[in-house]
$ cat target.cif   # mmCIF, C-alpha atoms and all ligand atoms
data_model
#
loop_
_atom_site.label_atom_id
_atom_site.label_comp_id
_atom_site.auth_asym_id
_atom_site.auth_seq_id
_atom_site.Cartn_x
_atom_site.Cartn_y
_atom_site.Cartn_z
CA MET Y 5 0.00 0.00 0.00
CA SER Y 6 1.40 3.41 -0.94
CA GLU Y 7 2.35 5.91 1.75
CA THR Y 8 -0.10 8.69 2.53
CA LYS Y 9 0.79 11.97 0.82
CA HIS Y 10 0.86 15.01 3.11
CA ASN Y 11 1.75 17.82 0.73
CA TRP Y 12 -1.37 18.18 -1.38
CA THR Y 13 -1.74 21.56 -3.08
CA LYS Y 14 -4.97 23.38 -3.85
CA GLU Y 15 -4.31 22.98 -7.59
CA GLU Y 16 -3.88 19.20 -7.28
CA ILE Y 17 -7.05 18.91 -5.22
CA LEU Y 18 -9.05 21.04 -7.67
CA GLU Y 19 -7.85 18.86 -10.51
CA ILE Y 20 -9.23 15.80 -8.71
CA TYR Y 21 -12.49 17.53 -7.69
CA ASN Y 22 -13.17 18.64 -11.28
CA LYS Y 23 -12.49 15.30 -12.99
CA PRO Y 24 -15.26 13.82 -15.15
CA MET Y 25 -17.67 12.23 -12.65
CA MET Y 26 -17.22 8.63 -13.79
CA GLU Y 27 -13.43 8.85 -13.58
CA LEU Y 28 -13.63 10.50 -10.18
CA LEU Y 29 -15.96 7.80 -8.87
CA TYR Y 30 -13.80 4.98 -10.27
CA GLU Y 31 -10.61 6.37 -8.75
CA ALA Y 32 -12.22 7.06 -5.37
CA ALA Y 33 -13.91 3.64 -5.22
CA THR Y 34 -10.62 1.90 -6.11
CA ILE Y 35 -8.71 3.69 -3.35
CA HIS Y 36 -11.56 3.03 -0.95
CA ARG Y 37 -11.32 -0.73 -1.56
CA LEU Y 38 -7.57 -0.73 -0.98
CA HIS Y 39 -7.93 0.76 2.48
CA HIS Y 40 -11.39 -0.20 3.78
CA ASP Y 41 -14.05 -2.89 3.55
CA PRO Y 42 -16.52 -1.28 1.08
CA ASN Y 43 -19.47 -3.07 2.69
CA VAL Y 44 -18.86 -1.74 6.19
CA VAL Y 45 -20.08 1.65 7.39
CA GLN Y 46 -19.42 3.03 10.85
CA VAL Y 47 -22.53 4.33 12.63
CA SER Y 48 -22.31 7.10 15.25
CA THR Y 49 -25.00 8.68 17.37
CA LEU Y 50 -24.64 12.39 18.01
CA LEU Y 51 -26.01 13.52 21.34
CA SER Y 52 -26.46 17.16 22.29
CA ILE Y 53 -25.53 17.05 25.97
CA LYS Y 54 -25.84 20.84 26.38
CA THR Y 55 -27.90 22.74 23.83
CA GLY Y 56 -28.03 26.42 22.86
CA GLY Y 57 -26.89 29.64 24.47
CA CYS Y 58 -23.43 29.58 22.87
CA SER Y 59 -21.48 32.82 22.88
CA GLU Y 60 -19.80 32.15 19.49
CA ASP Y 61 -21.14 33.55 16.20
CA CYS Y 62 -20.73 30.63 13.76
CA GLY Y 63 -22.99 31.82 10.92
CA TYR Y 64 -24.43 28.35 10.26
CA CYS Y 65 -25.32 27.48 13.85
CA PRO Y 66 -28.78 27.76 15.43
CA GLN Y 67 -27.21 27.32 18.87
CA ALA Y 68 -25.49 30.71 18.87
CA ALA Y 69 -27.24 32.83 21.51
CA ARG Y 70 -27.05 35.93 19.32
CA TYR Y 71 -29.39 34.57 16.60
CA HIS Y 72 -33.12 34.03 16.92
CA THR Y 73 -33.76 30.43 15.97
CA ASN Y 74 -36.40 29.07 18.35
CA ILE Y 75 -34.32 26.12 19.45
CA GLU Y 76 -34.91 24.89 22.93
CA GLY Y 77 -31.82 25.27 25.10
CA ASN Y 78 -30.90 22.66 27.69
CA ASP Y 79 -28.51 22.56 30.63
CA LEU Y 80 -25.90 19.81 30.76
CA MET Y 81 -27.50 16.35 30.77
CA THR Y 82 -26.89 14.01 33.68
CA VAL Y 83 -24.58 11.00 33.43
CA GLN Y 84 -27.60 8.70 33.82
CA GLN Y 85 -29.47 10.38 30.95
CA VAL Y 86 -26.43 10.03 28.72
CA LYS Y 87 -25.97 6.39 29.69
CA ALA Y 88 -29.60 5.62 28.81
CA GLN Y 89 -29.21 7.30 25.40
CA ALA Y 90 -25.94 5.47 24.75
CA LEU Y 91 -27.54 2.09 25.51
CA ARG Y 92 -30.39 2.93 23.13
CA ALA Y 93 -27.89 3.92 20.43
CA LYS Y 94 -25.96 0.67 20.94
CA SER Y 95 -29.14 -1.39 20.58
CA THR Y 96 -29.82 0.21 17.19
CA GLY Y 97 -26.37 -0.47 15.73
CA SER Y 98 -24.25 2.52 16.75
CA SER Y 99 -20.67 1.79 17.73
CA ARG Y 100 -19.87 5.36 18.71
CA VAL Y 101 -21.52 8.09 20.76
CA CYS Y 102 -20.46 11.65 20.02
CA MET Y 103 -21.38 14.15 22.74
CA GLY Y 104 -21.71 17.78 21.70
CA ALA Y 105 -21.89 20.75 24.05
CA ALA Y 106 -22.60 24.28 22.79
CA TRP Y 107 -19.55 25.76 24.50
CA ARG Y 108 -17.00 28.21 23.17
CA ASN Y 109 -14.32 26.34 25.09
CA VAL Y 110 -14.12 23.89 27.95
CA LYS Y 111 -13.84 25.36 31.42
CA ASP Y 112 -12.36 23.26 34.20
CA GLY Y 113 -14.87 22.65 36.97
CA GLU Y 114 -17.96 20.69 37.87
CA GLU Y 115 -19.43 20.53 34.37
CA PHE Y 116 -16.22 19.28 32.77
CA ASP Y 117 -15.87 16.70 35.57
CA GLN Y 118 -19.41 15.56 34.71
CA VAL Y 119 -18.45 15.20 31.03
CA LEU Y 120 -15.38 13.16 32.05
CA GLU Y 121 -17.70 10.86 33.99
CA MET Y 122 -19.91 10.50 30.89
CA VAL Y 123 -16.83 9.52 28.88
CA ARG Y 124 -15.85 6.88 31.46
CA THR Y 125 -19.42 5.55 31.54
CA ILE Y 126 -19.76 5.15 27.76
CA ASN Y 127 -16.28 3.65 27.36
CA LYS Y 128 -17.31 1.00 29.89
CA LEU Y 129 -20.28 0.16 27.64
CA ASP Y 130 -17.65 -0.89 25.05
CA MET Y 131 -18.60 1.91 22.71
CA GLU Y 132 -16.28 4.45 21.11
CA VAL Y 133 -16.72 7.85 22.78
CA CYS Y 134 -16.25 11.14 20.96
CA CYS Y 135 -16.69 14.67 22.29
CA THR Y 136 -17.14 18.02 20.61
CA LEU Y 137 -16.92 20.67 23.30
CA GLY Y 138 -15.22 23.63 21.63
CA MET Y 139 -11.64 24.64 22.25
CA ILE Y 140 -9.65 22.60 24.72
CA THR Y 141 -6.23 23.01 26.25
CA GLU Y 142 -3.57 20.31 26.24
CA ASN Y 143 -4.29 19.49 29.88
CA GLN Y 144 -8.02 19.10 29.19
CA ALA Y 145 -7.23 16.84 26.22
CA GLN Y 146 -5.08 14.72 28.53
CA ARG Y 147 -7.88 14.48 31.09
CA LEU Y 148 -10.32 13.38 28.37
CA ALA Y 149 -7.79 10.80 27.16
CA GLU Y 150 -7.44 9.39 30.68
CA ALA Y 151 -11.22 9.09 30.97
CA GLY Y 152 -11.20 6.84 27.88
CA LEU Y 153 -12.09 9.26 25.08
CA TYR Y 154 -11.68 7.68 21.65
CA ALA Y 155 -12.06 10.76 19.41
CA TYR Y 156 -12.34 14.54 19.65
CA ASN Y 157 -14.26 16.44 16.99
CA HIS Y 158 -13.21 19.95 16.01
CA ASN Y 159 -14.16 20.96 12.48
CA LEU Y 160 -12.21 23.39 10.31
CA ASP Y 161 -15.54 24.20 8.60
CA SER Y 162 -14.10 25.75 5.39
CA SER Y 163 -10.92 27.26 3.95
CA GLU Y 164 -8.99 29.69 6.13
CA GLU Y 165 -10.05 32.55 3.80
CA TYR Y 166 -13.78 31.75 3.87
CA TYR Y 167 -13.78 30.92 7.59
CA LYS Y 168 -13.34 34.67 8.21
CA GLU Y 169 -16.70 35.24 6.47
CA VAL Y 170 -18.56 32.77 8.67
CA VAL Y 171 -17.11 33.08 12.18
CA SER Y 172 -15.65 36.18 13.80
CA THR Y 173 -15.30 35.14 17.42
CA ARG Y 174 -12.22 32.97 16.84
CA GLY Y 175 -9.68 32.28 14.11
CA TYR Y 176 -8.55 29.30 12.07
CA GLN Y 177 -5.41 29.04 14.18
CA ASP Y 178 -7.59 28.53 17.28
CA ARG Y 179 -9.06 25.47 15.57
CA LEU Y 180 -5.65 24.15 14.59
CA ASP Y 181 -4.32 24.71 18.10
CA THR Y 182 -7.09 22.58 19.63
CA ILE Y 183 -6.48 19.84 17.06
CA GLY Y 184 -2.77 20.06 17.98
CA ASN Y 185 -3.63 19.67 21.68
CA VAL Y 186 -5.68 16.54 20.94
CA ARG Y 187 -2.80 15.15 18.86
CA LYS Y 188 -0.51 15.29 21.89
CA THR Y 189 -2.67 12.53 23.44
CA ASN Y 190 -3.75 9.10 22.18
CA VAL Y 191 -7.23 10.46 21.30
CA THR Y 192 -8.02 10.30 17.57
CA VAL Y 193 -8.92 13.45 15.61
CA CYS Y 194 -12.25 13.99 13.87
CA SER Y 195 -12.23 17.14 11.74
CA GLY Y 196 -14.06 18.15 8.59
CA GLY Y 197 -16.34 20.86 7.35
CA ILE Y 198 -19.51 22.13 5.76
CA ILE Y 199 -20.34 22.77 2.13
CA GLY Y 200 -23.19 24.98 0.94
CA MET Y 201 -22.33 28.05 3.03
CA GLY Y 202 -21.82 30.24 -0.05
CA GLU Y 203 -18.18 29.23 -0.43
CA LYS Y 204 -16.39 28.73 -3.75
CA ILE Y 205 -15.06 25.38 -4.98
CA GLU Y 206 -11.60 26.80 -4.20
CA ASP Y 207 -12.64 27.12 -0.54
CA ARG Y 208 -13.66 23.46 -0.45
CA ALA Y 209 -10.25 22.60 -1.88
CA GLY Y 210 -8.60 24.97 0.60
CA MET Y 211 -10.25 23.16 3.51
CA LEU Y 212 -9.08 19.82 2.13
CA VAL Y 213 -5.53 21.19 1.85
CA ALA Y 214 -5.66 22.16 5.54
CA LEU Y 215 -6.98 18.72 6.57
CA SER Y 216 -4.84 16.55 4.30
CA THR Y 217 -1.57 18.29 5.17
CA LEU Y 218 -2.03 17.54 8.87
CA ASN Y 219 0.37 14.77 9.77
CA PRO Y 220 -1.12 12.40 10.69
CA GLN Y 221 -4.31 13.16 8.77
CA PRO Y 222 -7.54 13.12 10.85
CA GLU Y 223 -8.82 9.61 11.51
CA SER Y 224 -12.32 10.85 10.72
CA THR Y 225 -13.57 13.65 8.46
CA PRO Y 226 -17.25 14.66 8.50
CA ILE Y 227 -18.54 16.22 5.30
CA ASN Y 228 -21.66 18.22 6.15
CA ALA Y 229 -24.14 19.82 3.78
CA LEU Y 230 -25.46 23.02 5.32
CA VAL Y 231 -28.93 22.75 6.81
CA ALA Y 232 -29.97 26.40 6.53
CA VAL Y 233 -31.86 27.33 9.70
CA GLU Y 234 -34.17 30.33 9.85
CA GLY Y 235 -32.75 33.07 12.02
CA THR Y 236 -29.09 32.31 11.27
CA PRO Y 237 -27.07 34.53 8.91
CA LEU Y 238 -26.96 31.65 6.37
CA GLU Y 239 -30.74 31.07 6.40
CA ASP Y 240 -31.14 31.91 2.69
CA GLU Y 241 -28.46 29.56 1.32
CA GLN Y 242 -29.85 27.00 -1.14
CA PRO Y 243 -29.28 23.27 -0.47
CA VAL Y 244 -26.15 21.89 -2.15
CA GLU Y 245 -26.57 19.63 -5.16
CA ILE Y 246 -25.97 15.94 -4.48
CA TRP Y 247 -23.25 16.02 -7.16
CA ASP Y 248 -21.28 18.51 -5.09
CA MET Y 249 -21.56 16.20 -2.11
CA ILE Y 250 -20.41 13.20 -4.15
CA ARG Y 251 -17.46 15.17 -5.56
CA MET Y 252 -16.47 16.33 -2.08
CA VAL Y 253 -16.66 12.81 -0.62
CA ALA Y 254 -14.73 11.28 -3.54
CA THR Y 255 -11.99 13.94 -3.39
CA THR Y 256 -11.64 13.51 0.37
CA ARG Y 257 -11.37 9.74 -0.08
CA ILE Y 258 -8.63 10.07 -2.72
CA ILE Y 259 -6.44 12.48 -0.78
CA MET Y 260 -7.10 10.98 2.67
CA PRO Y 261 -7.19 7.25 1.95
CA GLU Y 262 -7.12 5.95 5.55
CA THR Y 263 -9.62 8.43 6.99
CA GLN Y 264 -13.21 7.48 7.78
CA VAL Y 265 -15.21 9.88 5.63
CA ARG Y 266 -18.44 10.69 7.42
CA LEU Y 267 -21.72 11.65 5.76
CA SER Y 268 -23.02 14.09 8.32
CA ALA Y 269 -25.58 16.92 8.32
CA GLY Y 270 -27.86 17.27 5.33
CA ARG Y 271 -28.72 13.59 4.75
CA THR Y 272 -32.45 14.33 4.99
CA GLN Y 273 -32.04 16.37 1.78
CA MET Y 274 -30.42 13.40 0.00
CA SER Y 275 -32.17 10.48 -1.70
CA ARG Y 276 -31.11 6.92 -0.89
CA GLU Y 277 -29.60 6.72 -4.36
CA GLY Y 278 -27.58 9.86 -3.67
CA GLN Y 279 -26.33 8.41 -0.39
CA ALA Y 280 -25.47 5.13 -2.14
CA MET Y 281 -23.32 7.10 -4.60
CA CYS Y 282 -21.57 8.73 -1.64
CA PHE Y 283 -20.83 5.30 -0.13
CA PHE Y 284 -19.50 4.15 -3.50
CA ALA Y 285 -17.34 7.30 -3.62
CA GLY Y 286 -15.76 6.39 -0.28
CA ALA Y 287 -18.02 7.58 2.52
CA ASN Y 288 -17.88 4.96 5.26
CA SER Y 289 -19.54 6.51 8.24
CA ILE Y 290 -22.88 8.14 9.06
CA PHE Y 291 -24.57 9.78 11.98
CA ALA Y 292 -27.71 7.95 13.11
CA GLY Y 293 -30.62 9.21 15.19
CA ASP Y 294 -33.51 11.48 14.37
CA LYS Y 295 -31.59 14.66 15.28
CA LEU Y 296 -28.08 15.94 14.63
CA LEU Y 297 -27.67 18.23 17.62
CA THR Y 298 -30.61 20.45 16.62
CA THR Y 299 -31.26 19.73 12.92
CA PRO Y 300 -33.28 16.79 11.51
CA ASN Y 301 -31.67 13.49 10.48
CA PRO Y 302 -33.13 10.33 8.88
CA ASP Y 303 -34.89 7.86 11.16
CA VAL Y 304 -32.55 5.07 12.31
CA ASN Y 305 -34.96 2.37 11.06
CA GLU Y 306 -34.89 3.95 7.59
CA ASP Y 307 -31.10 3.93 7.72
CA MET Y 308 -31.06 0.23 8.64
CA LYS Y 309 -33.46 -0.50 5.74
CA MET Y 310 -31.05 1.36 3.45
CA PHE Y 311 -28.15 -0.71 4.83
CA ASP Y 312 -30.18 -3.89 4.08
CA THR Y 313 -30.93 -2.76 0.54
CA LEU Y 314 -27.27 -1.92 -0.12
CA GLY Y 315 -25.84 -4.95 1.72
CA LEU Y 316 -23.95 -2.71 4.16
CA ASN Y 317 -23.00 -3.74 7.70
CA PRO Y 318 -22.43 -1.44 10.68
CA GLN Y 319 -18.78 -1.37 11.78
CA LYS Y 320 -17.96 -2.99 15.13
CA PRO Y 321 -16.48 -0.71 17.80
CA PHE Y 322 -12.68 -0.49 18.04
CA THR Y 323 -12.15 -1.96 14.56
CA LYS Y 324 -9.60 0.73 13.65
CA LYS Y 325 -7.94 1.26 17.03
CA VAL Y 326 -7.95 -0.54 20.38
CA GLN Y 327 -10.26 0.53 23.16
CA PRO Y 328 -8.67 3.22 25.39
CA GLN Y 329 -8.14 2.37 29.07
CA THR Y 330 -10.29 4.30 31.51
CA VAL Y 331 -8.49 5.85 34.48
CA GLU Y 332 -10.79 6.55 37.42
CA ALA Y 333 -11.03 10.19 38.61
CA ASN Y 334 -9.29 9.43 41.93
CA SER Y 335 -6.26 7.98 40.10
CA SER Y 336 -5.96 10.82 37.57
CA GLN Y 337 -2.48 12.19 36.90
CA PHE Y 338 -3.83 15.47 35.59
CA GLU Y 339 -5.28 18.24 37.73
CA ALA Y 340 -7.66 20.96 36.62
CA LEU Y 341 -5.51 23.94 35.66
CA GLY Y 342 -8.16 26.49 34.71
CA GLU Y 343 -6.17 27.60 31.65
CA LYS Y 344 -7.79 30.24 29.44
CA PRO Y 345 -7.35 29.79 25.68
CA LYS Y 346 -6.35 32.99 23.84
CA TRP Y 347 -8.43 34.38 20.97
CA THR Y 348 -6.72 35.29 17.75
CA ARG Y 349 -9.34 37.61 16.21
CA PRO Y 350 -11.33 39.36 18.97
CA ASP Y 351 -12.28 42.54 17.01
CA HIS Y 352 -13.28 41.00 13.71
CA LYS Y 353 -16.90 41.60 12.59
CA ILE Y 354 -19.01 40.02 9.84
CA GLU Y 355 -21.76 42.27 8.49
CA ARG Y 356 -24.40 39.55 7.95
CA ASN Y 357 -23.74 38.05 11.41
CA GLU Y 358 -24.18 41.52 12.93
CA GLN Y 359 -27.46 41.96 11.04
CA ALA Y 360 -28.77 38.60 12.23
CA LYS Y 361 -27.83 39.53 15.77
CA ALA Y 362 -29.60 42.91 15.49
CA SER Y 363 -32.80 41.39 14.06
CA ALA Y 364 -32.80 38.73 16.80
CA LYS Y 365 -32.65 41.54 19.38
CA LEU Y 366 -35.60 43.30 17.72
CA GLN Y 367 -37.71 40.14 17.77
CA LYS Y 368 -37.14 39.57 21.48
S1 LIG Y 401 -21.00 25.71 16.13
FE1 LIG Y 401 -20.45 25.30 18.26
S2 LIG Y 401 -19.14 27.02 18.81
FE2 LIG Y 401 -20.25 27.66 16.96
S3 LIG Y 401 -22.09 28.75 17.75
FE3 LIG Y 401 -22.64 26.59 17.42
S4 LIG Y 401 -22.36 25.63 19.41
FE4 LIG Y 401 -21.23 27.55 19.45
#

$ encode --input "target.cif" --output "structure tokens"
Amino acid sequence: MSETKHNWTKEEILEIYNKPMMELLYEAATIHRLHHDPNVVQVSTLLSIKTGGCSEDCGYCPQAARYHTNIEGNDLMTVQQVKAQALRAKSTGSSRVCMGAAWRNVKDGEEFDQVLEMVRTINKLDMEVCCTLGMITENQAQRLAEAGLYAYNHNLDSSEEYYKEVVSTRGYQDRLDTIGNVRKTNVTVCSGGIIGMGEKIEDRAGMLVALSTLNPQPESTPINALVAVEGTPLEDEQPVEIWDMIRMVATTRIIMPETQVRLSAGRTQMSREGQAMCFFAGANSIFAGDKLLTTPNPDVNEDMKMFDTLGLNPQKPFTKKVQPQTVEANSSQFEALGEKPKWTRPDHKIERNEQAKASAKLQK
């Protein structure tokens, strides 16, 4: 098997992305078969353990407190609630639970300790545990690793250039720094992005340059299609064409051959045939459950029917990497340090985000 290339350029990636569709599909499917079982798809359940009220201004996100999106906010779930949801997810074929909290960054204290307990609890259910909690410091990444975390999700969202048009409350380097902190532990990295936010094809390629030149490349890369939510600055964006999704998946597969490419948000807008093309192009993971944090997702029974039709099998947990050991809180080597991450772009403003914020204020 050839060695993974880590110096992809934007031009090379664009050349792949723009190939005639049949050639692109053939190349991606061939690489997929060399590195993965084409009939196995990993199934994750995404759980919103703390919803809404986030102080960030990600233009695509209904959980940002500054927009007016009618989502119901929730305080941090209890460990017991999370355990019950994880058991339900396991019984319907999920091998991984991903817990998302609408936080700008993790703060040491009671709530983080509760999340660490959730991680320990799910790891003991022999499921892969992933968290997406915002920015984390190296010490917090180490504490999550000790608890038995399998993966940490932190998306790059888009190219560095277009990112500045979508989020003003932090910079691209903040994202890369958190990914770097996770990489200092044995926790795997899940990082991808969103298409359909008004970006150019060059921005999609730019994001793939940023992801594919990480060494090692992320173990998992979610490709999301924007679900435009009323009240957010991106509410008027049109749904992406399925062909764009297929091209994005196939290109990701070719340049990141070992990575699990995850079909994420936007599956409700895709036909089964469209999703089948994505699997053929190298997607080998989905999110299951009727909600993805706050946006709709296909019913899990419908997904299992689709798996039956296509002859796909859910991936068993810890197929790609051994189960992490859980260290109990009283034996932890790492103390809470209360470190504050620094922000790289505190004064940056985005006109359409400001407008959405102003109109949300008026509606209150
Ligand atoms: S994407 Fe995450 S960080 Fe951004 S506003 Fe939503 S919850 Fe906050």

$ closest_residue --input "target.cif" --among "Y:Cys102, Y:Leu129, Y:Leu18, Y:Ala292" --to "Y:Lys204" --atoms "all atoms listed in the file"
Y:Leu18

$ closest_residue --input "target.cif" --among "Y:His36, Y:Lys9, Y:Lys14, Y:Lys111" --to "Y:Ala214" --atoms "all atoms listed in the file"
Y:Lys14

$ atom_distance --input "target.cif" --atom1 "atom CA of Y:Met260" --atom2 "atom CA of Y:Glu277"
24.0 Å

$ residues_near_ligand --input "target.cif" --ligand "ligand LIG 401 (chain Y)" --cutoff "7 Å" --atoms "only C-alpha atoms and all ligand atoms" --output "MDAnalysis selection string"
chainID Y and resid 56 58:62 65:68 105:108 138

$ closest_residue --input "target.cif" --among "Y:Thr330, Y:Gln177, Y:Thr189, Y:Ser268" --to "Y:Thr49" --atoms "all atoms listed in the file"
Y:Ser268

$ residues_near_point --input "target.cif" --point "(-10.8, 26.3, -1.0)" --cutoff "12 Å" --atoms "all atoms listed in the file" --output "ChimeraX atom specification"
/Y:13-18,21,160-167,197-199,202-215,252

$ atom_distance --input "target.cif" --atom1 "atom CA of Y:Val45" --atom2 "atom CA of Y:Leu314"
11.0 Å

$ closest_residue --input "target.cif" --among "Y:Leu230, Y:Met122, Y:Leu91, Y:Ala285" --to "Y:Tyr30" --atoms "only C-alpha atoms"
Y:Ala285

$ atom_distance --input "target.cif" --atom1 "atom CA of Y:Leu51" --atom2 "atom CA of Y:Asp248"
27.3 Å

$ closest_residue --input "target.cif" --among "Y:Phe322, Y:Tyr71, Y:Tyr154, Y:Phe291" --to "Y:Asp307" --atoms "all atoms listed in the file"
Y:Phe291

$ residues_around --input "target.cif" --residues "Y:Asp303" --least-positions-apart "2" --cutoff "7 Å" --atoms "all atoms listed in the file" --output "list in words"
Gly293, Asp294, Asn301, Asn305, Glu306 and Asp307 of chain Y

$ decode --input "target.cif" --residues "stretch 211-274 of chain Y" --atoms "C-alpha atoms" --output "short mmCIF file (atom, residue, chain, number, x, y, z; two decimals), in the first residue's frame"
data_model
loop_
_atom_site.label_atom_id
_atom_site.label_comp_id
_atom_site.auth_asym_id
_atom_site.auth_seq_id
_atom_site.Cartn_x
_atom_site.Cartn_y
_atom_site.Cartn_z
CA MET Y 211 -10.25 23.16 3.51
CA LEU Y 212 -9.08 19.82 2.13
CA VAL Y 213 -5.53 21.19 1.85
CA ALA Y 214 -5.66 22.16 5.54
CA LEU Y 215 -6.98 18.72 6.57
CA SER Y 216 -4.84 16.55 4.30
CA THR Y 217 -1.57 18.29 5.17
CA LEU Y 218 -2.03 17.54 8.87
CA ASN Y 219 0.37 14.77 9.77
CA PRO Y 220 -1.12 12.40 10.69
CA GLN Y 221 -4.31 13.16 8.77
CA PRO Y 222 -7.54 13.12 10.85
CA GLU Y 223 -8.82 9.61 11.51
CA SER Y 224 -12.32 10.85 10.72
CA THR Y 225 -13.57 13.65 8.46
CA PRO Y 226 -17.25 14.66 8.50
CA ILE Y 227 -18.54 16.22 5.30
CA ASN Y 228 -21.66 18.22 6.15
CA ALA Y 229 -24.14 19.82 3.78
CA LEU Y 230 -25.46 23.02 5.32
CA VAL Y 231 -28.93 22.75 6.81
CA ALA Y 232 -29.97 26.40 6.53
CA VAL Y 233 -31.86 27.33 9.70
CA GLU Y 234 -34.17 30.33 9.85
CA GLY Y 235 -32.75 33.07 12.02
CA THR Y 236 -29.09 32.31 11.27
CA PRO Y 237 -27.07 34.53 8.91
CA LEU Y 238 -26.96 31.65 6.37
CA GLU Y 239 -30.74 31.07 6.40
CA ASP Y 240 -31.14 31.91 2.69
CA GLU Y 241 -28.46 29.56 1.32
CA GLN Y 242 -29.85 27.00 -1.14
CA PRO Y 243 -29.28 23.27 -0.47
CA VAL Y 244 -26.15 21.89 -2.15
CA GLU Y 245 -26.57 19.63 -5.16
CA ILE Y 246 -25.97 15.94 -4.48
CA TRP Y 247 -23.25 16.02 -7.16
CA ASP Y 248 -21.28 18.51 -5.09
CA MET Y 249 -21.56 16.20 -2.11
CA ILE Y 250 -20.41 13.20 -4.15
CA ARG Y 251 -17.46 15.17 -5.56
CA MET Y 252 -16.47 16.33 -2.08
CA VAL Y 253 -16.66 12.81 -0.62
CA ALA Y 254 -14.73 11.28 -3.54
CA THR Y 255 -11.99 13.94 -3.39
CA THR Y 256 -11.64 13.51 0.37
CA ARG Y 257 -11.37 9.74 -0.08
CA ILE Y 258 -8.63 10.07 -2.72
CA ILE Y 259 -6.44 12.48 -0.78
CA MET Y 260 -7.10 10.98 2.67
CA PRO Y 261 -7.19 7.25 1.95
CA GLU Y 262 -7.12 5.95 5.55
CA THR Y 263 -9.62 8.43 6.99
CA GLN Y 264 -13.21 7.48 7.78
CA VAL Y 265 -15.21 9.88 5.63
CA ARG Y 266 -18.44 10.69 7.42
CA LEU Y 267 -21.72 11.65 5.76
CA SER Y 268 -23.02 14.09 8.32
CA ALA Y 269 -25.58 16.92 8.32
CA GLY Y 270 -27.86 17.27 5.33
CA ARG Y 271 -28.72 13.59 4.75
CA THR Y 272 -32.45 14.33 4.99
CA GLN Y 273 -32.04 16.37 1.78
CA MET Y 274 -30.42 13.40 0.00
#
